[in-house]
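Take a look at the structure set out below.
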Amino acid sequence: MKQIEDYVNSIYRNVDGDKKEIQDLKDEMRLHLLESVQELQKKGKSEEEAACIAIENFGGKKLIVKELSEFFSIQKQLARYILGIAIISLIIGFFFLANTILDIKEFREERPVIMNDVLNVLENTIEVSDSQKTKIITIYKKHHKHLNKLAVFNIDQNTSLQHLLKENINLKNEPINIYPIKYKDADFVIGNKGIITNKEDIVSSTYDLGTVAQANNNWVVQYEYSDSYKNIIEKENLSKLGTSYLELYQLPILFFIMFSILMVVWIFLKKHNNLLRGIIRLQNQNK
């Protein structure tokens, strides 16, 4: 019936939201109006008269249904936005979590790799040749994003290094953090621009976790991490100390908490939407 159809469409003309849900509400309103028309026709009214009376009887509820429908639409859209932000928060949280785990893994694997590569070049030689220096420069360049300086020290020519090795037995077994050995005592020092000639002018890092060293029988290799790598060093140190996950994974946890809060809000809105849908249907059913 065109008159009923036009009236139902006018109620929901400016209502946005889920098309299926809106169509269901329109179908219910249309059904109850048609039932009213049929009852009025049984009482002797013509189809046109019955349609006008049914619409007039429903007219008092038109504004209520329309306002409820519009509010339902806005709230439905808000729920979609909140769900979208929640999912984005979850993805970002997993991104930062994976990034932290991979950074720590790379840091742990890189320490022995750098030292083993340099010490394998030096082997048990007494003096470093130009070809060996070139190979070590190549190793430095491979890891230059993380390193500030790399230095090689001759143990036989430095009594303080001999004492250092006696005090730090593990120095020959694995890379360890140490207080920086003075660069002026190095055989050579490599920086971002190659071999540094003015070793006396080099200022050592004051960052207690930023300098790593390892030795063989003849040589001590020392390198400094760049300042930009401090964040990863701190994460590794926290992990090594067995600190709480809250401190180590602050950023991912923050996004996971945000996701949880938004999901609670989304569930609340979802339930409220269902309640609104029920009220609208109840208004449609009342004659």
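Identifiers in the structure tokens: chain A, B, ... in order shown; residue index from 1 per chain; ligand index from 1 in order shown.
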
What are the nearest atom pairs, with distances in Å to one decimal, for all residues of range 95-128 of chain A that come at most 8 Å from range 169-183 of chain A, using only C-alpha atoms, set out by chain and rising residue number as JSON lines?
```
{"residue": "A:Arg111", "atom": "CA", "partner": "A:Pro175", "partner_atom": "CA", "distance": 6.6}
{"residue": "A:Pro112", "atom": "CA", "partner": "A:Pro175", "partner_atom": "CA", "distance": 6.3}
{"residue": "A:Met115", "atom": "CA", "partner": "A:Pro175", "partner_atom": "CA", "distance": 7.0}
```

For the residues selected in the previous step, produce a file with N, CA and C atoms as a PDB file, in the first residue's frame.
```pdb
ATOM      1  N   ARG A 111      75.912  -8.894  20.089  1.00  0.00           N
ATOM      2  CA  ARG A 111      77.116  -8.743  20.938  1.00  0.00           C
ATOM      3  C   ARG A 111      78.187  -9.781  20.623  1.00  0.00           C
ATOM      4  N   PRO A 112      77.875 -11.075  20.702  1.00  0.00           N
ATOM      5  CA  PRO A 112      78.922 -12.071  20.402  1.00  0.00           C
ATOM      6  C   PRO A 112      79.340 -12.078  18.937  1.00  0.00           C
ATOM      7  N   MET A 115      82.028  -9.316  18.391  1.00  0.00           N
ATOM      8  CA  MET A 115      83.292  -9.697  19.023  1.00  0.00           C
ATOM      9  C   MET A 115      83.956 -10.879  18.324  1.00  0.00           C
TER      10      MET A 115
END
```

Practice problem: Within 6 Å of range 214-223 of chain A, counting only C-alpha atoms, which residues show up once you throw out same-chain ones fewer than 5 positions away? Write them as a list in words, please. | Solution: Lys149, Leu150, Ala151, Val152, Phe153, Asn154, Ile155, Leu171, Lys172 and Pro175 of chain A

Pull N, CA, C and O atoms from the residues just selected and write them as a PDB file, in the first residue's frame.
```
ATOM      1  N   LYS A 149      81.978   3.774  18.535  1.00  0.00           N
ATOM      2  CA  LYS A 149      83.415   3.537  18.279  1.00  0.00           C
ATOM      3  C   LYS A 149      83.740   2.072  18.501  1.00  0.00           C
ATOM      4  O   LYS A 149      83.054   1.377  19.260  1.00  0.00           O
ATOM      5  N   LEU A 150      84.803   1.622  17.854  1.00  0.00           N
ATOM      6  CA  LEU A 150      85.338   0.278  18.066  1.00  0.00           C
ATOM      7  C   LEU A 150      86.861   0.393  18.147  1.00  0.00           C
ATOM      8  O   LEU A 150      87.486   1.011  17.266  1.00  0.00           O
ATOM      9  N   ALA A 151      87.443  -0.163  19.203  1.00  0.00           N
ATOM     10  CA  ALA A 151      88.892  -0.027  19.414  1.00  0.00           C
ATOM     11  C   ALA A 151      89.531  -1.395  19.666  1.00  0.00           C
ATOM     12  O   ALA A 151      88.896  -2.302  20.200  1.00  0.00           O
ATOM     13  N   VAL A 152      90.802  -1.504  19.280  1.00  0.00           N
ATOM     14  CA  VAL A 152      91.585  -2.731  19.481  1.00  0.00           C
ATOM     15  C   VAL A 152      92.826  -2.380  20.303  1.00  0.00           C
ATOM     16  O   VAL A 152      93.547  -1.435  19.979  1.00  0.00           O
ATOM     17  N   PHE A 153      93.055  -3.144  21.396  1.00  0.00           N
ATOM     18  CA  PHE A 153      94.175  -2.892  22.308  1.00  0.00           C
ATOM     19  C   PHE A 153      95.114  -4.102  22.348  1.00  0.00           C
ATOM     20  O   PHE A 153      94.642  -5.249  22.404  1.00  0.00           O
ATOM     21  N   ASN A 154      96.403  -3.827  22.338  1.00  0.00           N
ATOM     22  CA  ASN A 154      97.413  -4.878  22.455  1.00  0.00           C
ATOM     23  C   ASN A 154      97.696  -5.128  23.942  1.00  0.00           C
ATOM     24  O   ASN A 154      98.115  -4.212  24.664  1.00  0.00           O
ATOM     25  N   ILE A 155      97.456  -6.349  24.389  1.00  0.00           N
ATOM     26  CA  ILE A 155      97.605  -6.666  25.818  1.00  0.00           C
ATOM     27  C   ILE A 155      99.061  -6.600  26.261  1.00  0.00           C
ATOM     28  O   ILE A 155      99.379  -6.072  27.335  1.00  0.00           O
ATOM     29  N   LEU A 171      86.294 -12.034  30.785  1.00  0.00           N
ATOM     30  CA  LEU A 171      86.554 -11.179  29.623  1.00  0.00           C
ATOM     31  C   LEU A 171      87.004 -11.984  28.403  1.00  0.00           C
ATOM     32  O   LEU A 171      86.770 -11.573  27.260  1.00  0.00           O
ATOM     33  N   LYS A 172      87.626 -13.138  28.639  1.00  0.00           N
ATOM     34  CA  LYS A 172      88.060 -13.981  27.518  1.00  0.00           C
ATOM     35  C   LYS A 172      86.985 -14.978  27.080  1.00  0.00           C
ATOM     36  O   LYS A 172      87.139 -15.653  26.065  1.00  0.00           O
ATOM     37  N   PRO A 175      81.452 -11.405  25.740  1.00  0.00           N
ATOM     38  CA  PRO A 175      81.424  -9.936  25.810  1.00  0.00           C
ATOM     39  C   PRO A 175      80.814  -9.495  27.140  1.00  0.00           C
ATOM     40  O   PRO A 175      79.777 -10.025  27.555  1.00  0.00           O
TER      41      PRO A 175
END
```

Quiz item: Which distance in Å separates CA of Ser46 in chain A and CA of Leu25 in chain A, to one decimal?
Solution: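 Separation of CA of Ser46 in chain A and CA of Leu25 in chain A: 26.7 Å.
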
Quiz item: Got a sec to tell me which of range 74-282 of chain A DSSP assigns to strand (DSSP E or B), as number ranges by chain?
Solution: A: 147-154, 176-177, 188-191, 194-196, 211-215, 219-225

Practice problem: Step one, run DSSP on the backbone; step two, keep only residues of range 18-168 of chain A assigned to helix (DSSP H, G or I); then write them as a VMD selection string. | Solution: chain A and resid 19 to 42 47 to 122 130 to 142 159 to 167

Self-check item: Interatomic distance, CA of Asp185 in chain A to CA of Gln157 in chain A (Å, one decimal)
Solution: 9.0 Å

Exercise. Grab the CA of Arg80 in chain A to CA of Gly93 in chain A distance for me, in Å with one decimal place.
Key: 19.8 Å

Self-check item: Residue nearest Lys230 in chain A - candidates A:Leu147, A:Ala186, A:Leu102, A:Ile139, atoms counted: only C-alpha atoms
Solution: A:Leu147

Quiz prompt | Long-range neighbours of Tyr140 in chain A as a list in words, 9 Å cut-off, only C-alpha atoms, 4 positions minimum in chain | solution =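 Contacts, in chain order: Ile114, Val118, Lys135, Ile136, His144, Leu147, Lys149, Leu150, Ile190, Gly191 and Asn192 of chain A.
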
Exercise. Determine, counting only C-alpha atoms, which protein, DNA and RNA residues have an atom within 8 Å of an atom of range 247-262 of chain A; residues of the same chain fewer than 6 positions away are not included. Present the result as number ranges by chain.
Key: A: 82-83, 85-87, 89-90, 92-97, 100, 235, 238-239
